[in-house]
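> TSV, C-alpha atoms, file protein11.tsv:
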```tsv
chain	number	residue	atom	x	y	z
A	1	MET	CA	26.86	-1.08	10.62
A	2	VAL	CA	23.57	-1.87	8.88
A	3	SER	CA	23.60	-5.02	6.73
A	4	ASP	CA	22.86	-4.92	3.01
A	5	THR	CA	19.71	-6.97	3.58
A	6	ARG	CA	18.39	-4.41	6.07
A	7	LEU	CA	19.20	-1.61	3.61
A	8	TYR	CA	17.35	-3.50	0.88
A	9	GLY	CA	14.36	-4.11	3.16
A	10	ALA	CA	14.31	-0.45	4.21
A	11	ALA	CA	14.41	0.71	0.58
A	12	ILE	CA	11.45	-1.51	-0.31
A	13	ALA	CA	9.59	-0.36	2.81
A	14	PHE	CA	10.14	3.32	1.99
A	15	ALA	CA	9.13	2.84	-1.65
A	16	SER	CA	5.99	0.80	-1.03
A	17	GLY	CA	4.97	2.57	2.18
A	18	GLY	CA	5.52	6.00	0.65
A	19	TYR	CA	3.62	5.03	-2.48
A	20	SER	CA	0.78	3.70	-0.35
A	21	ILE	CA	0.59	6.96	1.61
A	22	ALA	CA	0.73	9.05	-1.57
A	23	SER	CA	-1.97	6.94	-3.26
A	24	ALA	CA	-4.28	7.13	-0.26
A	25	ALA	CA	-3.71	10.87	0.13
A	26	GLY	CA	-4.56	11.37	-3.55
A	27	ALA	CA	-7.86	9.47	-3.42
A	28	THR	CA	-10.82	11.55	-4.48
A	29	ARG	CA	-12.79	10.40	-1.44
A	30	THR	CA	-11.51	9.08	1.85
A	31	THR	CA	-12.89	5.57	1.97
A	32	LEU	CA	-12.12	2.63	4.21
A	33	THR	CA	-9.58	1.35	1.68
A	34	ALA	CA	-7.87	4.74	1.54
A	35	TRP	CA	-7.61	4.82	5.35
A	36	LEU	CA	-6.30	1.25	5.33
A	37	MET	CA	-3.60	2.09	2.80
A	38	LEU	CA	-2.70	5.30	4.62
A	39	ALA	CA	-2.30	3.48	7.94
A	40	LEU	CA	-0.49	0.52	6.41
A	41	GLY	CA	1.82	2.84	4.50
A	42	ALA	CA	2.74	4.67	7.71
A	43	VAL	CA	3.45	1.38	9.51
A	44	VAL	CA	5.60	0.15	6.60
A	45	VAL	CA	7.61	3.40	6.53
A	46	VAL	CA	8.22	3.15	10.29
A	47	HIS	CA	9.34	-0.46	9.82
A	48	GLY	CA	11.75	0.73	7.12
A	49	ALA	CA	13.16	3.37	9.45
A	50	LEU	CA	13.64	0.78	12.21
A	51	LEU	CA	15.58	-1.41	9.79
A	52	LEU	CA	18.12	1.41	9.47
A	53	VAL	CA	18.81	1.41	13.22
A	54	PRO	CA	21.37	-1.31	13.98
A	55	ALA	CA	20.40	-1.39	17.68
A	56	VAL	CA	16.84	-2.52	16.86
A	57	PRO	CA	16.79	-6.34	16.99
A	58	LEU	CA	15.14	-7.12	13.66
A	59	ASP	CA	17.85	-9.53	12.51
A	60	ASP	CA	15.60	-12.58	12.66
A	61	ALA	CA	12.77	-13.63	10.42
A	62	THR	CA	10.46	-11.07	12.02
A	63	SER	CA	11.05	-8.52	9.28
A	64	GLY	CA	10.37	-11.11	6.60
A	65	GLU	CA	7.14	-12.12	8.29
A	66	LEU	CA	6.09	-8.47	8.61
A	67	MET	CA	6.87	-7.84	4.92
A	68	LEU	CA	4.76	-10.85	3.95
A	69	ALA	CA	1.88	-9.61	6.10
A	70	TYR	CA	2.07	-6.09	4.64
A	71	ALA	CA	2.18	-7.51	1.11
A	72	VAL	CA	-0.83	-9.78	1.68
A	73	VAL	CA	-2.89	-6.86	3.04
A	74	MET	CA	-1.85	-4.62	0.12
A	75	LEU	CA	-2.60	-7.30	-2.47
A	76	ALA	CA	-5.95	-8.17	-0.88
A	77	ASN	CA	-6.89	-4.49	-0.85
A	78	GLN	CA	-5.91	-4.08	-4.50
A	79	ALA	CA	-7.87	-7.22	-5.45
A	80	ALA	CA	-10.92	-5.91	-3.59
A	81	LEU	CA	-10.61	-2.56	-5.38
A	82	ALA	CA	-10.11	-4.20	-8.79
A	83	THR	CA	-13.17	-6.40	-8.41
A	84	GLY	CA	-15.33	-3.56	-7.11
A	85	MET	CA	-15.80	-5.20	-3.70
A	86	ALA	CA	-14.24	-2.20	-1.93
A	87	GLY	CA	-15.85	0.60	-3.90
A	88	GLY	CA	-12.99	1.39	-6.25
A	89	THR	CA	-15.24	2.04	-9.20
A	90	THR	CA	-14.42	3.84	-12.40
A	91	GLY	CA	-17.09	6.15	-13.73
A	92	GLY	CA	-20.56	6.69	-12.41
A	93	GLY	CA	-21.46	5.86	-8.85
A	94	THR	CA	-23.79	7.41	-6.33
A	95	ASP	CA	-23.25	10.95	-5.13
A	96	GLY	CA	-24.67	10.37	-1.65
A	97	GLY	CA	-27.94	12.11	-2.45
A	98	GLY	CA	-29.48	9.14	-4.20
A	99	MET	CA	-28.63	10.36	-7.71
A	100	THR	CA	-26.57	8.15	-9.97
A	101	GLY	CA	-23.42	9.79	-11.27
A	102	GLY	CA	-22.11	9.76	-14.80
A	103	SER	CA	-23.62	12.98	-16.15
A	104	MET	CA	-22.71	16.63	-15.80
A	105	GLY	CA	-24.75	17.12	-12.64
A	106	GLY	CA	-24.51	13.59	-11.29
A	107	GLY	CA	-21.89	14.13	-8.61
A	108	SER	CA	-19.10	11.67	-9.26
A	109	GLY	CA	-19.30	11.29	-13.01
A	110	THR	CA	-17.15	12.79	-15.69
A	111	MET	CA	-17.93	16.44	-14.98
A	112	GLY	CA	-18.66	16.28	-11.24
A	113	SER	CA	-20.87	18.82	-9.50
A	114	MET	CA	-20.59	21.41	-6.76
A	115	GLY	CA	-17.77	20.25	-4.52
A	116	GLY	CA	-17.43	17.00	-6.48
A	117	ASP	CA	-14.35	15.73	-8.23
A	118	ALA	CA	-13.70	16.16	-11.94
A	119	THR	CA	-12.20	12.70	-12.47
A	120	MET	CA	-13.65	9.41	-13.56
A	121	THR	CA	-13.05	7.86	-10.15
A	122	ALA	CA	-15.64	7.64	-7.41
A	123	ALA	CA	-13.10	6.57	-4.79
A	124	MET	CA	-9.61	5.16	-4.54
A	125	PRO	CA	-9.22	2.92	-7.62
A	126	TRP	CA	-7.06	-0.19	-7.83
A	127	ASP	CA	-3.50	0.65	-8.72
A	128	LEU	CA	-1.18	-1.53	-10.81
A	129	GLY	CA	1.87	0.21	-9.31
A	130	MET	CA	0.71	-0.64	-5.80
A	131	ALA	CA	0.07	-4.25	-6.79
A	132	VAL	CA	3.57	-4.55	-8.30
A	133	LEU	CA	5.18	-3.02	-5.20
A	134	ALA	CA	3.19	-5.42	-3.02
A	135	LEU	CA	4.43	-8.35	-5.12
A	136	LEU	CA	8.00	-7.07	-4.74
A	137	MET	CA	7.43	-6.82	-0.99
A	138	LEU	CA	6.04	-10.37	-0.98
A	139	VAL	CA	9.15	-11.72	-2.73
A	140	SER	CA	11.39	-9.68	-0.45
A	141	GLY	CA	9.69	-11.08	2.64
A	142	ALA	CA	10.08	-14.62	1.33
A	143	ILE	CA	13.78	-14.00	0.67
A	144	MET	CA	14.21	-12.63	4.18
A	145	LEU	CA	12.55	-15.71	5.65
A	146	ARG	CA	14.73	-18.18	3.78
A	147	SER	CA	17.98	-16.31	4.36
A	148	ASP	CA	20.47	-18.45	6.31
A	149	ASP	CA	21.84	-15.56	8.32
A	150	GLY	CA	18.48	-13.83	8.95
A	151	MET	CA	18.86	-10.19	8.07
```
Could you express the structure from this file as structure tokens?


Amino acid sequence: MVSDTRLYGAAIAFASGGYSIASAAGATRTTLTAWLMLALGAVVVVHGALLLVPAVPLDDATSGELMLAYAVVMLANQAALATGMAGGTTGGGTDGGGMTGGSMGGGSGTMGSMGGDATMTAAMPWDLGMAVLALLMLVSGAIMLRSDDGM
């Protein structure tokens, strides 16, 4: 029988990992941050699946530590995107050919160009939903670590 704590951890892992995968897959350009979130999302989903298998020995603080690590990476990525350090810009940008975007023929601006996107985003933008899920994962990991009976 799977404990309630493992079910809770698996639910958070599926929600945040799945959201991470969906966000990365929906990015207008595949950037380093999109690949990071895609890979991290896949790892988190696998961790959630392992939590549902009673024979897998994740009853110690290992799952809590992993959740904290995932959350820190997700939050750092979102902070980097929000501050523009990771290329998550909104509007304008460079289309790769040296032209600045933002006009009808600029590449990554509001109207895009041949093969370009028609959104205001040049790459994967920061995402409030992802940040909130990462905070939930952070709290969940901390709860798992302080739990008297492990998981």

> Compare A:Leu7, A:Ala69, A:Leu135, A:Ala25 by their minimum atom-to-atom distance to Ala49 (chain A), counting all atoms listed in the file, and give me the closest one.

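So, comparing all the options, the nearest one is A:Leu7.
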
> Quick one: pull the distance between CA of Ala80 (chain A) and CA of Thr33 (chain A), Å, one decimal.

9.1 Å

> Identify which of the residues A:Thr31, A:Ser3, A:Gln78, A:Ser23 lies closest to Ala134 (chain A), counting all atoms listed in the file when measuring atom-to-atom distances.

A:Gln78

> What is the distance between CA of Asp127 (chain A) and CA of His47 (chain A), in Å to one decimal?

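So the answer is 22.6 Å.
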
> Do you have the CA of Ala82 (chain A)-CA of Gly9 (chain A) distance handy?

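So the two atoms, CA of Ala82 (chain A) and CA of Gly9 (chain A), lie 27.2 Å apart.
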
> Please determine, counting all atoms listed in the file, which residue among A:Met37, A:Met67, A:Val44, A:Ser140 has the shortest atom-to-atom distance to Ala24 (chain A).

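Residue with the minimum atom-to-atom distance to Ala24 (chain A): A:Met37.
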
> Nearest to Leu66 (chain A) among A:Leu52, A:Ala13, A:Leu36, A:Leu133, with distances taken over all atoms listed in the file: which residue is it?

A:Ala13

> Taking all atoms listed in the file into account, which of A:Ala11, A:Ala131, A:Met1, A:Ser16 comes nearest Ala76 (chain A)?

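Going through A:Ala11, A:Ala131, A:Met1, A:Ser16 one by one, the smallest distance to Ala76 (chain A) is for A:Ala131.
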
> Residues around (1.5, 7.3, 5.5), cut-off 10 Å, counting all atoms listed in the file - what are they as an MDAnalysis selection string?

chainID A and resid 17:25 35:46

> With only C-alpha atoms as the atoms that count, which of A:Thr30, A:Asn77, A:Thr83, A:Thr62 lies nearest to Met130 (chain A)?

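So, comparing all the options, the nearest one is A:Asn77.
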
> Since the input lacks some atoms of region 40-51 of chain A, please model N, CA, C and O atoms and print them as a PDB file, in the coordinates of the input.


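Saved as result16.pdb:
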```
ATOM      1  N   LEU A  40      -1.474   1.550   6.728  1.00  0.00           N
ATOM      2  CA  LEU A  40      -0.490   0.520   6.410  1.00  0.00           C
ATOM      3  C   LEU A  40       0.792   1.145   5.866  1.00  0.00           C
ATOM      4  O   LEU A  40       1.899   0.728   6.226  1.00  0.00           O
ATOM      5  N   GLY A  41       0.648   2.150   5.026  1.00  0.00           N
ATOM      6  CA  GLY A  41       1.820   2.840   4.500  1.00  0.00           C
ATOM      7  C   GLY A  41       2.659   3.457   5.605  1.00  0.00           C
ATOM      8  O   GLY A  41       3.893   3.374   5.594  1.00  0.00           O
ATOM      9  N   ALA A  42       2.007   4.068   6.582  1.00  0.00           N
ATOM     10  CA  ALA A  42       2.740   4.670   7.710  1.00  0.00           C
ATOM     11  C   ALA A  42       3.472   3.603   8.513  1.00  0.00           C
ATOM     12  O   ALA A  42       4.640   3.788   8.881  1.00  0.00           O
ATOM     13  N   VAL A  43       2.818   2.472   8.762  1.00  0.00           N
ATOM     14  CA  VAL A  43       3.450   1.380   9.510  1.00  0.00           C
ATOM     15  C   VAL A  43       4.655   0.840   8.735  1.00  0.00           C
ATOM     16  O   VAL A  43       5.720   0.581   9.306  1.00  0.00           O
ATOM     17  N   VAL A  44       4.511   0.681   7.425  1.00  0.00           N
ATOM     18  CA  VAL A  44       5.600   0.150   6.600  1.00  0.00           C
ATOM     19  C   VAL A  44       6.786   1.125   6.591  1.00  0.00           C
ATOM     20  O   VAL A  44       7.945   0.704   6.684  1.00  0.00           O
ATOM     21  N   VAL A  45       6.524   2.410   6.504  1.00  0.00           N
ATOM     22  CA  VAL A  45       7.610   3.400   6.530  1.00  0.00           C
ATOM     23  C   VAL A  45       8.331   3.366   7.875  1.00  0.00           C
ATOM     24  O   VAL A  45       9.572   3.419   7.928  1.00  0.00           O
ATOM     25  N   VAL A  46       7.594   3.252   8.964  1.00  0.00           N
ATOM     26  CA  VAL A  46       8.220   3.150  10.290  1.00  0.00           C
ATOM     27  C   VAL A  46       9.071   1.887  10.369  1.00  0.00           C
ATOM     28  O   VAL A  46      10.195   1.913  10.883  1.00  0.00           O
ATOM     29  N   HIS A  47       8.566   0.786   9.848  1.00  0.00           N
ATOM     30  CA  HIS A  47       9.340  -0.460   9.820  1.00  0.00           C
ATOM     31  C   HIS A  47      10.641  -0.252   9.035  1.00  0.00           C
ATOM     32  O   HIS A  47      11.707  -0.695   9.463  1.00  0.00           O
ATOM     33  N   GLY A  48      10.551   0.435   7.901  1.00  0.00           N
ATOM     34  CA  GLY A  48      11.750   0.730   7.120  1.00  0.00           C
ATOM     35  C   GLY A  48      12.756   1.561   7.896  1.00  0.00           C
ATOM     36  O   GLY A  48      13.964   1.311   7.853  1.00  0.00           O
ATOM     37  N   ALA A  49      12.267   2.542   8.636  1.00  0.00           N
ATOM     38  CA  ALA A  49      13.160   3.370   9.450  1.00  0.00           C
ATOM     39  C   ALA A  49      13.817   2.540  10.542  1.00  0.00           C
ATOM     40  O   ALA A  49      15.022   2.706  10.823  1.00  0.00           O
ATOM     41  N   LEU A  50      13.067   1.635  11.161  1.00  0.00           N
ATOM     42  CA  LEU A  50      13.640   0.780  12.210  1.00  0.00           C
ATOM     43  C   LEU A  50      14.709  -0.157  11.657  1.00  0.00           C
ATOM     44  O   LEU A  50      15.657  -0.505  12.365  1.00  0.00           O
ATOM     45  N   LEU A  51      14.557  -0.559  10.404  1.00  0.00           N
ATOM     46  CA  LEU A  51      15.580  -1.410   9.790  1.00  0.00           C
ATOM     47  C   LEU A  51      16.915  -0.680   9.647  1.00  0.00           C
ATOM     48  O   LEU A  51      17.960  -1.315   9.578  1.00  0.00           O
TER      49      LEU A  51
END
```
